[in-house]
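In what follows, a single structure is set out as structure tokens and then discussed.
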Amino acid sequence: MNYQPQYMPGVVAYAPADVRAAFIRKVYHLFFVSILVTVGVGYFTGQIARTMLPLLIPLLIAGLVVGLIMGFARNTSGVNLALLMLYAAIQGAIAGPILTILNAIPQYEGVGLQAAVLTVAVFGGLSLYVLNTKRDFSYLGGFLFVAIIALLVGGIVLFFFRTPMLNMIYAAAGVLIFSGFILYDTSVIQQKLHQDQAVAGAISLYLDFIGLFWFILRLLMSLRR
């Protein structure tokens, strides 16, 4: 479905072309900075992986708390950007040790790099498709909300009934759902957001990217078992 913008003051879709382009550049600039923070922190913590292992559970809890606060404060100027960078750093502190240890296991050697390359390819491909075609995928919002709830419930069920096949299906479902979120959020960024919501857009993209990465990693690990 092609998007036909209607007059909505401040909404990027109705702004002049140069304003729209500047907004998109700002969103993706902030997104790339957050990815660099994750990579940088991940590289550093990967060097001290065994020292970081006891901190993984506290980091997971901290990530959950920061993520929830970020969701409520995504439109609060200044606070939203600080929370995004903090969340990106926490994700790096989690990913670095995990990927380093996985890489030391022959069965999973190189799986982290493979997951990263696939994540960049899928994310880039889907984002470019939406940005170039200007198709409106915001209609996916309701479906994706239900899907993410189902994914959370599935994760709880999988904790008690863990089988290789269920784990693979769960990982593949996660990849599909976060791919849908990339389509949805990219549409929202270029068609629904206001000109002062660049950080909110970057938060959405980062969450989509990191979620896709973890599920692709999980799927690749399942395929190697």
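In the structure tokens, the first chain shown is A, the next is B, and so on; residue numbers restart at 1 for each chain, and ligands run from 1 in the order shown.
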Select from segment 115-182 of chain A every residue with an atom at most 12 Å from any atom of segment 12-25 of chain A, then for each give the shortest pair of atoms and their distance in Å to one decimal, using only C-alpha atoms, rows by chain and rising number, as CSV.
```
residue,atom,partner,partner_atom,distance
A:Ser127,CA,A:Ile24,CA,11.5
A:Leu128,CA,A:Ile24,CA,11.9
A:Leu131,CA,A:Ile24,CA,9.4
A:Lys134,CA,A:Ala13,CA,10.3
A:Asp136,CA,A:Ala13,CA,11.6
```
Please produce a file of those selected residues containing C-alpha atoms, as a PDB file, in the first residue's frame.
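selection_3.pdb was written with the following content:
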```pdb
ATOM      1  CA  SER A 127      14.945  -0.814   5.492  1.00  0.00           C
ATOM      2  CA  LEU A 128      16.057   0.142   1.982  1.00  0.00           C
ATOM      3  CA  LEU A 131      12.572   3.803   2.231  1.00  0.00           C
ATOM      4  CA  LYS A 134       7.581   4.310   0.435  1.00  0.00           C
ATOM      5  CA  ASP A 136       3.119   1.832   4.270  1.00  0.00           C
TER       6      ASP A 136
END
```
Which of segment 4-219 of chain A DSSP labels alpha helix (DSSP H), written as a VMD selection string: chain A and resid 17 to 47 49 to 52 56 to 72 79 to 103 111 to 133 141 to 160 164 to 191 198 to 219
Residues within 10 Å of Leu220 of chain A, only C-alpha atoms, excluding chain neighbours under 5 positions, as a PyMOL selection string: chain A and resi 108+111-112+114-115+168+171-172+214-215+225
Those residues you just picked out, can you put them in a file as a compact mmCIF listing (two decimals), in the first residue's frame with C-alpha atoms?
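out-v3.txt was written with the following content:
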```
# COMPACT_ATOMS: atom_id res chain seq x y z
CA TYR A 108 29.88 -22.57 17.27
CA VAL A 111 28.55 -18.13 14.56
CA GLY A 112 28.55 -14.63 16.05
CA GLN A 114 27.75 -15.00 10.73
CA ALA A 115 24.75 -13.79 12.75
CA MET A 168 14.42 -23.87 16.11
CA ALA A 171 14.04 -18.79 16.80
CA ALA A 172 12.66 -18.73 13.25
CA TRP A 214 19.73 -12.43 18.97
CA PHE A 215 17.12 -14.53 17.19
CA ARG A 225 23.52 -28.65 16.86
```
Separation of atom CA of Ile148 of chain A from atom CA of Ile177 of chain A, in Å and rounded to one decimal: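 Atom-to-atom, atom CA of Ile148 of chain A to atom CA of Ile177 of chain A, that is 7.3 Å.
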Residues within 12 Å of Leu166 of chain A, only C-alpha atoms, excluding chain neighbours under 3 positions, as number ranges by chain: A: 154-155, 157-163, 169-173, 218-219, 222
Taking N, CA and C atoms for each residue, export the selection above as a compact mmCIF listing (two decimals), in the first residue's frame.
```
# COMPACT_ATOMS: atom_id res chain seq x y z
N GLY A 154 5.78 -17.92 24.42
CA GLY A 154 6.50 -19.06 23.87
C GLY A 154 7.85 -19.26 24.54
N GLY A 155 8.51 -18.15 24.85
CA GLY A 155 9.79 -18.25 25.54
C GLY A 155 9.66 -18.87 26.91
N VAL A 157 7.21 -20.96 27.84
CA VAL A 157 6.89 -22.38 27.61
C VAL A 157 8.14 -23.17 27.25
N LEU A 158 8.96 -22.56 26.39
CA LEU A 158 10.18 -23.24 25.94
C LEU A 158 11.15 -23.47 27.09
N PHE A 159 11.09 -22.63 28.10
CA PHE A 159 11.97 -22.79 29.27
C PHE A 159 11.68 -24.11 29.99
N PHE A 160 10.42 -24.55 29.96
CA PHE A 160 10.03 -25.77 30.66
C PHE A 160 10.00 -26.99 29.72
N PHE A 161 9.76 -26.77 28.45
CA PHE A 161 9.67 -27.87 27.49
C PHE A 161 10.67 -27.62 26.36
N ARG A 162 11.94 -27.81 26.67
CA ARG A 162 13.00 -27.48 25.72
C ARG A 162 13.31 -28.69 24.83
N THR A 163 13.05 -28.53 23.52
CA THR A 163 13.44 -29.55 22.54
C THR A 163 14.11 -28.83 21.38
N ILE A 169 12.02 -23.64 15.86
CA ILE A 169 10.78 -22.98 15.42
C ILE A 169 10.63 -21.64 16.12
N TYR A 170 10.94 -21.62 17.41
CA TYR A 170 10.85 -20.38 18.18
C TYR A 170 11.81 -19.32 17.64
N ALA A 171 13.04 -19.73 17.34
CA ALA A 171 14.04 -18.79 16.80
C ALA A 171 13.61 -18.27 15.44
N ALA A 172 13.11 -19.15 14.58
CA ALA A 172 12.66 -18.73 13.25
C ALA A 172 11.48 -17.76 13.36
N ALA A 173 10.57 -18.02 14.31
CA ALA A 173 9.44 -17.11 14.52
C ALA A 173 9.93 -15.75 14.97
N ARG A 218 20.40 -17.34 17.65
CA ARG A 218 19.77 -18.53 18.23
C ARG A 218 19.42 -19.55 17.14
N LEU A 219 18.93 -19.06 16.01
CA LEU A 219 18.57 -19.97 14.91
C LEU A 219 19.81 -20.66 14.35
N SER A 222 20.94 -23.34 16.66
CA SER A 222 20.07 -24.52 16.56
C SER A 222 20.40 -25.36 15.34
```
Selection: 10 Å around Leu99 of chain A, only C-alpha atoms, excl. self and same-chain fewer than 5 positions, as number ranges by chain: A: 42-43, 46, 49, 94, 104, 108-113, 217
Between atom CA of Val65 of chain A and atom CA of Tyr87 of chain A, distance in Å (one decimal):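 We find that atom CA of Val65 of chain A and atom CA of Tyr87 of chain A lie 9.4 Å from each other.
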Interatomic distance (Å, one decimal) between atom CA of Leu68 of chain A and atom CA of Leu56 of chain A: 18.3 Å
